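A.B. asks: I am attaching a structure below and will ask some questions about it afterwards.
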Amino acid sequence: MTSKASGSITVTLDGSNKSTTLPLLGGTLGPQVADIRKLYGDLGIFTYDPGYGATASCESTITYIDGDAGVLLYRGYPIEQLAENSDFLEVCYLLLNGELPNKAEFADFHKGVTYHTMLHEQLRRFYDGFRRDAHPMAIMCGVVGAMAAFYHDNLDINDENQRRIAAFRLIAKVPTIAAWAYKYSVGQPFLYPRNDLGYAENFLYMLNGVPAEEYVNNPILSRAMDRILILHADHEQNASTSTVRLAGSTGANPFACIAAGIAALWGPAHGGANEAVLKMLAEIGTPENIPAFIKEVKDKNSHTKLMGFGHRVYKNFDPRAKIMKDTCHEVLAELGIKDEPLLDMAMEMERIALEDDYFVSRKLYPNVDFYSGIILKAMGIPTSMFTVLFAVARTVGWVSQWKELIEDPSQRIGRPRQIYTGAPSRDFVAIDKRG
């Protein structure tokens, strides 16, 4: 489905007799969008939008967010319904193909992912080139980018079948790459993926299993991991997704594009928020210290930040937060953690913030990161792996967005403009004549 004209606006340049009419475009959902492509040609001006917060860079049929209403849809399906009734691989199929699969389609897709989880054996040698204390995200960037050197047969982005195989390889192999990055950091042997395990089960097995004893799957923890993957699978045109699309617009191969997305996700302002929540709770120490901490947050002269509350897009509540909160309780109950100090502080922090007019008036509600870090910590996953898990989940979103970009005939190479504030035009002066 493409956007449709839904009106127009006339823009007149002050102090001149120049004006132009800009079409208003409407999507299936969401506000109207002014098509500004004629603005420079007709009026000789550009728009200025740092961070692109008010700019639509593309048309997409994948994910819809209504931040004011707290809505997140994958291909039209509410995230709450998918998290409750679906599993991650079914969501992967939905994001890639636009519709939920029937039994035969899902069986074929499941097989396609399952039988691509192995890594080329020579890729093992890449890990030996990293220091043992290398950050797992650094390893992820390097190894995913290196996949282009191993799979020459699917670098023709104009071939639909090669795009499909590239999607299989990325979705299937990124969990193996991530798990091996962790194993390398702790000095444990790599575990090869198992075809008898589901996607989330297999990932947890490669993370936590050891050759010395039989691995026992915990269905509650596997379901929690599956739900975490679903909640993070895609989130519209965020920083890392926009990076993937920008790289893809140049015609770069899919492995390079996803490596670029991983690099963007690595930034603490993007993928490291749940780790920041744990750090904040640890610094607070005990629930008794929360009021003093809240007071610091309110102080305009303080640099103290409340992590895990509020969201750049969601202005009322994050629809993923309640699902994550319920999952948190399920995991802690399964693990027999009845007295978890971090959870106690999180609950008290939530209670105080939701009753305090300072936070309520600013619509600072708990977001998905507020509870996800507690879940992952309870499951024994180190904080250095939190962003890596995010990358594992988001790979399918990146691939879906990349695929949509390549298949959209209207897309051009990304080329933002700028306001130049440097020196005016000037003549070169020889070095011996400079003051």
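Letters for chains follow the order of the structure tokens (A, B, ...), residue numbers begin at 1 for each chain, and ligand numbers begin at 1 in the order shown.
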So that I can see what lies close to segment 247-258 of chain A, please list as a PyMOL selection string the residues with an atom at most 10 Å from it, counting only C-alpha atoms and leaving out residues fewer than 3 positions away in the same chain.
C.D. replies: chain A and resi 141-149+151-152+154-158+163+166-167+169-170+240-244+261-264+391+394-396+398-399+401-403+405-406+411-415
A.B. asks: Any chance you can output those residues with N, CA and C atoms as a compact mmCIF listing (two decimals), in the first residue's frame?
C.D. replies:
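Once written, again17.txt looks like this:
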# COMPACT_ATOMS: atom_id res chain seq x y z
N CYS A 141 29.86 -6.64 15.69
CA CYS A 141 30.08 -5.78 14.51
C CYS A 141 31.05 -6.42 13.54
N GLY A 142 32.16 -6.93 14.08
CA GLY A 142 33.20 -7.49 13.23
C GLY A 142 32.78 -8.76 12.53
N VAL A 143 32.17 -9.69 13.26
CA VAL A 143 31.84 -11.00 12.69
C VAL A 143 30.67 -10.89 11.71
N VAL A 144 29.64 -10.10 12.07
CA VAL A 144 28.51 -9.95 11.14
C VAL A 144 28.98 -9.29 9.84
N GLY A 145 29.80 -8.26 9.95
CA GLY A 145 30.33 -7.64 8.74
C GLY A 145 31.16 -8.59 7.91
N ALA A 146 31.89 -9.48 8.59
CA ALA A 146 32.76 -10.44 7.89
C ALA A 146 31.98 -11.51 7.14
N MET A 147 30.70 -11.68 7.47
CA MET A 147 29.91 -12.71 6.79
C MET A 147 29.84 -12.47 5.28
N ALA A 148 29.99 -11.22 4.86
CA ALA A 148 29.97 -10.92 3.42
C ALA A 148 31.10 -11.61 2.69
N ALA A 149 32.19 -11.91 3.40
CA ALA A 149 33.33 -12.57 2.77
C ALA A 149 33.12 -14.08 2.66
N TYR A 151 29.76 -15.54 2.18
CA TYR A 151 28.54 -15.91 1.47
C TYR A 151 28.38 -15.05 0.21
N HIS A 152 29.27 -15.30 -0.75
CA HIS A 152 29.25 -14.52 -1.99
C HIS A 152 27.99 -14.78 -2.80
N ASN A 154 24.91 -14.68 -2.11
CA ASN A 154 23.69 -13.92 -1.88
C ASN A 154 23.99 -12.45 -1.65
N LEU A 155 24.92 -11.90 -2.44
CA LEU A 155 25.23 -10.48 -2.35
C LEU A 155 24.58 -9.68 -3.48
N ASP A 156 23.85 -10.35 -4.37
CA ASP A 156 23.12 -9.63 -5.41
C ASP A 156 21.79 -9.19 -4.82
N ILE A 157 21.73 -7.95 -4.37
CA ILE A 157 20.54 -7.47 -3.65
C ILE A 157 19.33 -7.35 -4.57
N ASN A 158 19.53 -7.42 -5.89
CA ASN A 158 18.41 -7.32 -6.83
C ASN A 158 17.77 -8.67 -7.12
N ARG A 163 17.98 -12.37 -1.58
CA ARG A 163 17.53 -11.59 -0.43
C ARG A 163 16.90 -12.50 0.61
N ALA A 166 19.65 -14.46 2.37
CA ALA A 166 20.37 -13.56 3.27
C ALA A 166 19.58 -13.33 4.55
N ALA A 167 18.26 -13.19 4.43
CA ALA A 167 17.40 -13.02 5.61
C ALA A 167 17.49 -14.25 6.51
N ARG A 169 19.92 -16.41 6.71
CA ARG A 169 21.26 -16.52 7.30
C ARG A 169 21.44 -15.54 8.46
N LEU A 170 20.98 -14.32 8.30
CA LEU A 170 21.16 -13.33 9.36
C LEU A 170 20.33 -13.68 10.59
N SER A 240 19.10 2.96 14.86
CA SER A 240 19.79 1.84 14.21
C SER A 240 19.08 1.41 12.92
N THR A 241 17.75 1.43 12.93
CA THR A 241 17.01 1.06 11.71
C THR A 241 17.25 2.08 10.61
N SER A 242 17.27 3.36 10.97
CA SER A 242 17.57 4.39 9.98
C SER A 242 18.98 4.22 9.44
N THR A 243 19.90 3.78 10.29
CA THR A 243 21.27 3.52 9.85
C THR A 243 21.31 2.39 8.84
N VAL A 244 20.56 1.32 9.12
CA VAL A 244 20.49 0.19 8.18
C VAL A 244 19.92 0.66 6.84
N GLY A 261 23.91 -1.34 11.58
CA GLY A 261 22.84 -1.22 12.56
C GLY A 261 23.30 -1.62 13.95
N ILE A 262 24.10 -2.68 14.03
CA ILE A 262 24.64 -3.12 15.32
C ILE A 262 25.51 -2.02 15.93
N ALA A 263 26.33 -1.38 15.10
CA ALA A 263 27.20 -0.31 15.58
C ALA A 263 26.37 0.85 16.14
N ALA A 264 25.27 1.20 15.45
CA ALA A 264 24.41 2.28 15.93
C ALA A 264 23.71 1.90 17.23
N ALA A 391 20.32 -6.70 19.90
CA ALA A 391 20.71 -6.87 18.50
C ALA A 391 20.17 -8.18 17.92
N ARG A 394 16.51 -7.46 17.24
CA ARG A 394 16.25 -6.43 16.24
C ARG A 394 16.72 -6.82 14.84
N THR A 395 17.53 -7.87 14.72
CA THR A 395 18.03 -8.27 13.40
C THR A 395 16.90 -8.49 12.41
N VAL A 396 15.82 -9.13 12.84
CA VAL A 396 14.72 -9.39 11.91
C VAL A 396 14.06 -8.08 11.48
N TRP A 398 15.62 -5.15 11.26
CA TRP A 398 16.57 -4.53 10.32
C TRP A 398 16.49 -5.18 8.94
N VAL A 399 16.46 -6.51 8.93
CA VAL A 399 16.41 -7.21 7.64
C VAL A 399 15.11 -6.89 6.91
N GLN A 401 13.28 -4.17 7.20
CA GLN A 401 13.34 -2.78 6.71
C GLN A 401 14.28 -2.67 5.50
N TRP A 402 15.41 -3.38 5.56
CA TRP A 402 16.34 -3.40 4.43
C TRP A 402 15.67 -3.98 3.19
N LYS A 403 14.98 -5.09 3.37
CA LYS A 403 14.28 -5.76 2.26
C LYS A 403 13.23 -4.82 1.66
N LEU A 405 13.20 -1.58 1.73
CA LEU A 405 13.93 -0.50 1.05
C LEU A 405 14.35 -0.93 -0.35
N ILE A 406 14.96 -2.11 -0.45
CA ILE A 406 15.47 -2.58 -1.74
C ILE A 406 14.33 -2.80 -2.73
N GLN A 411 12.75 4.62 -3.68
CA GLN A 411 13.84 4.95 -2.77
C GLN A 411 15.09 5.39 -3.53
N ARG A 412 15.77 6.39 -2.98
CA ARG A 412 17.02 6.90 -3.54
C ARG A 412 18.09 6.83 -2.47
N ILE A 413 19.33 7.05 -2.87
CA ILE A 413 20.40 7.07 -1.89
C ILE A 413 20.14 8.19 -0.88
N GLY A 414 20.32 7.87 0.40
CA GLY A 414 20.10 8.86 1.44
C GLY A 414 21.11 9.99 1.35
N ARG A 415 20.62 11.22 1.42
CA ARG A 415 21.54 12.36 1.31
C ARG A 415 20.94 13.57 2.04
A.B. asks: For Ala276 of chain A, please output as a ChimeraX atom specification all residues within 12 Å (counting only C-alpha atoms; exclusion window: fewer than 2 positions along the same chain).
C.D. replies: /A:267-274,278-283,305-309,369-374,383-384,386-387
A.B. asks: Nearest to Leu95 of chain A: which of A:Gln188, A:Tyr127, A:His120, A:Gly397 is it, counting only C-alpha atoms?
C.D. replies: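 Checking each of A:Gln188, A:Tyr127, A:His120, A:Gly397 against Leu95 of chain A, counting only C-alpha atoms, the winner is A:Gly397.
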A.B. asks: Pick out the residues sitting within 12 Å of Arg37 of chain A, and hand them over as a list of chain:residue names; count only C-alpha atoms, and ignore anything fewer than 5 positions along from it in its own chain.
C.D. replies: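 Close residues of Arg37 of chain A: A:Thr20, A:Thr21, A:Leu22, A:Pro23, A:Leu24, A:Asp42, A:Leu43, A:Gly44, A:Ile45, A:Phe46, A:Thr47, A:Thr55, A:Ala56, A:Ser57.
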A.B. asks: Expressed in Å to a single decimal, how great is the separation between atom CA of Tyr182 of chain A and atom CA of Asn202 of chain A?
C.D. replies: 14.5 Å
A.B. asks: Please determine, counting only C-alpha atoms, which residue among A:Phe317, A:Tyr93, A:Tyr74, A:Tyr358 has the shortest atom-to-atom distance to Phe168 of chain A.
C.D. replies: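 Looking only at the distances to Phe168 of chain A, the closest residue turns out to be A:Tyr93.
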A.B. asks: Neighbouring residues of Pro101 of chain A were defined as those with any atom within 12 Å, considering only C-alpha atoms; residues of the same chain fewer than 5 positions away were excluded. Please report them as a PDB file with N, CA, C and O atoms, in the first residue's frame.
C.D. replies:
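Result went into out.pdb, see below:
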ATOM      1  N   SER A  86       1.735 -15.467  20.091  1.00  0.00           N
ATOM      2  CA  SER A  86       2.633 -15.895  19.017  1.00  0.00           C
ATOM      3  C   SER A  86       3.986 -16.300  19.588  1.00  0.00           C
ATOM      4  O   SER A  86       4.187 -16.326  20.806  1.00  0.00           O
ATOM      5  N   ASP A  87       4.918 -16.670  18.711  1.00  0.00           N
ATOM      6  CA  ASP A  87       6.301 -16.869  19.135  1.00  0.00           C
ATOM      7  C   ASP A  87       7.206 -16.076  18.194  1.00  0.00           C
ATOM      8  O   ASP A  87       6.757 -15.528  17.189  1.00  0.00           O
ATOM      9  N   LEU A  89       9.639 -16.700  16.011  1.00  0.00           N
ATOM     10  CA  LEU A  89       9.813 -17.048  14.598  1.00  0.00           C
ATOM     11  C   LEU A  89       8.571 -16.726  13.777  1.00  0.00           C
ATOM     12  O   LEU A  89       8.675 -16.334  12.610  1.00  0.00           O
ATOM     13  N   GLU A  90       7.391 -16.883  14.375  1.00  0.00           N
ATOM     14  CA  GLU A  90       6.168 -16.506  13.670  1.00  0.00           C
ATOM     15  C   GLU A  90       6.134 -14.993  13.444  1.00  0.00           C
ATOM     16  O   GLU A  90       5.721 -14.520  12.382  1.00  0.00           O
ATOM     17  N   VAL A  91       6.593 -14.234  14.447  1.00  0.00           N
ATOM     18  CA  VAL A  91       6.687 -12.784  14.299  1.00  0.00           C
ATOM     19  C   VAL A  91       7.717 -12.419  13.229  1.00  0.00           C
ATOM     20  O   VAL A  91       7.523 -11.477  12.461  1.00  0.00           O
ATOM     21  N   CYS A  92       8.813 -13.172  13.173  1.00  0.00           N
ATOM     22  CA  CYS A  92       9.813 -12.950  12.126  1.00  0.00           C
ATOM     23  C   CYS A  92       9.181 -13.105  10.743  1.00  0.00           C
ATOM     24  O   CYS A  92       9.398 -12.273   9.843  1.00  0.00           O
ATOM     25  N   TYR A  93       8.419 -14.157  10.560  1.00  0.00           N
ATOM     26  CA  TYR A  93       7.749 -14.382   9.277  1.00  0.00           C
ATOM     27  C   TYR A  93       6.819 -13.216   8.958  1.00  0.00           C
ATOM     28  O   TYR A  93       6.782 -12.709   7.832  1.00  0.00           O
ATOM     29  N   LEU A  94       6.067 -12.785   9.964  1.00  0.00           N
ATOM     30  CA  LEU A  94       5.130 -11.676   9.784  1.00  0.00           C
ATOM     31  C   LEU A  94       5.850 -10.406   9.344  1.00  0.00           C
ATOM     32  O   LEU A  94       5.436  -9.738   8.386  1.00  0.00           O
ATOM     33  N   LEU A  95       6.937 -10.059  10.037  1.00  0.00           N
ATOM     34  CA  LEU A  95       7.667  -8.839   9.700  1.00  0.00           C
ATOM     35  C   LEU A  95       8.267  -8.903   8.302  1.00  0.00           C
ATOM     36  O   LEU A  95       8.249  -7.920   7.552  1.00  0.00           O
ATOM     37  N   LEU A  96       8.782 -10.057   7.935  1.00  0.00           N
ATOM     38  CA  LEU A  96       9.430 -10.204   6.632  1.00  0.00           C
ATOM     39  C   LEU A  96       8.445 -10.254   5.476  1.00  0.00           C
ATOM     40  O   LEU A  96       8.707  -9.724   4.398  1.00  0.00           O
ATOM     41  N   PHE A 106       4.681 -21.768   7.776  1.00  0.00           N
ATOM     42  CA  PHE A 106       5.502 -21.642   8.977  1.00  0.00           C
ATOM     43  C   PHE A 106       6.493 -22.788   9.097  1.00  0.00           C
ATOM     44  O   PHE A 106       7.648 -22.595   9.493  1.00  0.00           O
ATOM     45  N   ALA A 107       6.051 -24.007   8.750  1.00  0.00           N
ATOM     46  CA  ALA A 107       6.955 -25.163   8.805  1.00  0.00           C
ATOM     47  C   ALA A 107       8.142 -24.963   7.865  1.00  0.00           C
ATOM     48  O   ALA A 107       9.293 -25.256   8.226  1.00  0.00           O
ATOM     49  N   ASP A 108       7.879 -24.440   6.684  1.00  0.00           N
ATOM     50  CA  ASP A 108       8.946 -24.194   5.717  1.00  0.00           C
ATOM     51  C   ASP A 108       9.885 -23.097   6.215  1.00  0.00           C
ATOM     52  O   ASP A 108      11.112 -23.229   6.103  1.00  0.00           O
ATOM     53  N   PHE A 109       9.316 -22.038   6.792  1.00  0.00           N
ATOM     54  CA  PHE A 109      10.136 -20.942   7.313  1.00  0.00           C
ATOM     55  C   PHE A 109      10.961 -21.406   8.506  1.00  0.00           C
ATOM     56  O   PHE A 109      12.159 -21.098   8.618  1.00  0.00           O
ATOM     57  N   HIS A 110      10.343 -22.150   9.405  1.00  0.00           N
ATOM     58  CA  HIS A 110      11.032 -22.672  10.589  1.00  0.00           C
ATOM     59  C   HIS A 110      12.222 -23.533  10.175  1.00  0.00           C
ATOM     60  O   HIS A 110      13.328 -23.416  10.728  1.00  0.00           O
TER      61      HIS A 110
END
A.B. asks: Using DSSP on the backbone coordinates, identify the residues of segment 207-426 of chain A assigned to alpha helix (DSSP H); present them as a ChimeraX atom specification.
C.D. replies: /A:207-208,219-231,239-248,254-265,273-284,290-298,319-334,341-355,357-361,368-378,386-406
A.B. asks: Using only C-alpha atoms, which of the listed residues (A:Met206, A:Val71, A:Val33, A:Ala423) sits closest to Ala178 of chain A?
C.D. replies: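 With only C-alpha atoms as the atom set, the closest residue is A:Met206.
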A.B. asks: Just to confirm, what's the straight-line distance from atom CA of Tyr48 of chain A to atom CA of Ile36 of chain A in Å (one decimal)?
C.D. replies: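 Separation of atom CA of Tyr48 of chain A and atom CA of Ile36 of chain A: 11.7 Å.
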A.B. asks: Would you mind telling me which residue in A:Ile220, A:Cys328, A:Ile230, A:Ile284 lies nearest to Gln81 of chain A when using only C-alpha atoms?
C.D. replies: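 The answer is A:Ile230, which sits nearest to Gln81 of chain A.
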A.B. asks: Going by DSSP on the backbone, which residues of segment 48-178 of chain A come out as strand (DSSP E or B)? List them as a PyMOL selection string.
C.D. replies: chain A and resi 63-66+71-74+77-78
A.B. asks: Store the residues picked out above in a file with N, CA, C and O atoms, as a PDB file, in the first residue's frame.
C.D. replies:
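So the final result, stored in out-v6.pdb, reads:
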ATOM      1  N   THR A  63       5.898  -1.401  10.680  1.00  0.00           N
ATOM      2  CA  THR A  63       5.598  -1.104  12.076  1.00  0.00           C
ATOM      3  C   THR A  63       4.934   0.257  12.200  1.00  0.00           C
ATOM      4  O   THR A  63       5.332   1.217  11.535  1.00  0.00           O
ATOM      5  N   TYR A  64       3.916   0.335  13.081  1.00  0.00           N
ATOM      6  CA  TYR A  64       3.244   1.603  13.346  1.00  0.00           C
ATOM      7  C   TYR A  64       3.267   1.878  14.843  1.00  0.00           C
ATOM      8  O   TYR A  64       2.995   0.994  15.658  1.00  0.00           O
ATOM      9  N   ILE A  65       3.616   3.109  15.185  1.00  0.00           N
ATOM     10  CA  ILE A  65       3.645   3.537  16.583  1.00  0.00           C
ATOM     11  C   ILE A  65       2.781   4.783  16.730  1.00  0.00           C
ATOM     12  O   ILE A  65       2.897   5.724  15.941  1.00  0.00           O
ATOM     13  N   ASP A  66       1.901   4.779  17.732  1.00  0.00           N
ATOM     14  CA  ASP A  66       1.184   5.984  18.148  1.00  0.00           C
ATOM     15  C   ASP A  66       1.642   6.279  19.565  1.00  0.00           C
ATOM     16  O   ASP A  66       1.199   5.643  20.520  1.00  0.00           O
ATOM     17  N   VAL A  71       0.479   2.848  21.401  1.00  0.00           N
ATOM     18  CA  VAL A  71       0.157   1.762  20.474  1.00  0.00           C
ATOM     19  C   VAL A  71       1.407   1.356  19.708  1.00  0.00           C
ATOM     20  O   VAL A  71       2.154   2.200  19.216  1.00  0.00           O
ATOM     21  N   LEU A  72       1.631   0.049  19.605  1.00  0.00           N
ATOM     22  CA  LEU A  72       2.695  -0.519  18.777  1.00  0.00           C
ATOM     23  C   LEU A  72       2.107  -1.670  17.983  1.00  0.00           C
ATOM     24  O   LEU A  72       1.603  -2.635  18.558  1.00  0.00           O
ATOM     25  N   LEU A  73       2.144  -1.554  16.662  1.00  0.00           N
ATOM     26  CA  LEU A  73       1.604  -2.581  15.776  1.00  0.00           C
ATOM     27  C   LEU A  73       2.701  -3.124  14.879  1.00  0.00           C
ATOM     28  O   LEU A  73       3.470  -2.352  14.303  1.00  0.00           O
ATOM     29  N   TYR A  74       2.778  -4.454  14.756  1.00  0.00           N
ATOM     30  CA  TYR A  74       3.602  -5.090  13.743  1.00  0.00           C
ATOM     31  C   TYR A  74       2.675  -5.540  12.618  1.00  0.00           C
ATOM     32  O   TYR A  74       1.814  -6.399  12.824  1.00  0.00           O
ATOM     33  N   TYR A  77      -0.858  -5.820  13.667  1.00  0.00           N
ATOM     34  CA  TYR A  77      -1.210  -6.616  14.843  1.00  0.00           C
ATOM     35  C   TYR A  77      -0.665  -5.961  16.117  1.00  0.00           C
ATOM     36  O   TYR A  77       0.529  -5.638  16.189  1.00  0.00           O
ATOM     37  N   PRO A  78      -1.510  -5.762  17.143  1.00  0.00           N
ATOM     38  CA  PRO A  78      -1.035  -5.165  18.401  1.00  0.00           C
ATOM     39  C   PRO A  78       0.045  -6.016  19.048  1.00  0.00           C
ATOM     40  O   PRO A  78      -0.039  -7.256  19.062  1.00  0.00           O
TER      41      PRO A  78
END
A.B. asks: Per residue of segment 174-215 of chain A within 12 Å of segment 377-380 of chain A, note the shortest atom pair and the distance in Å to one decimal, counting only C-alpha atoms, and order the rows by chain and increasing residue number, as a Markdown table.
C.D. replies:
| residue | atom | partner | partner_atom | distance |
| --- | --- | --- | --- | --- |
| A:Leu204 | CA | A:Met379 | CA | 9.8 |
| A:Leu207 | CA | A:Gly380 | CA | 10.0 |
| A:Asn208 | CA | A:Gly380 | CA | 8.8 |
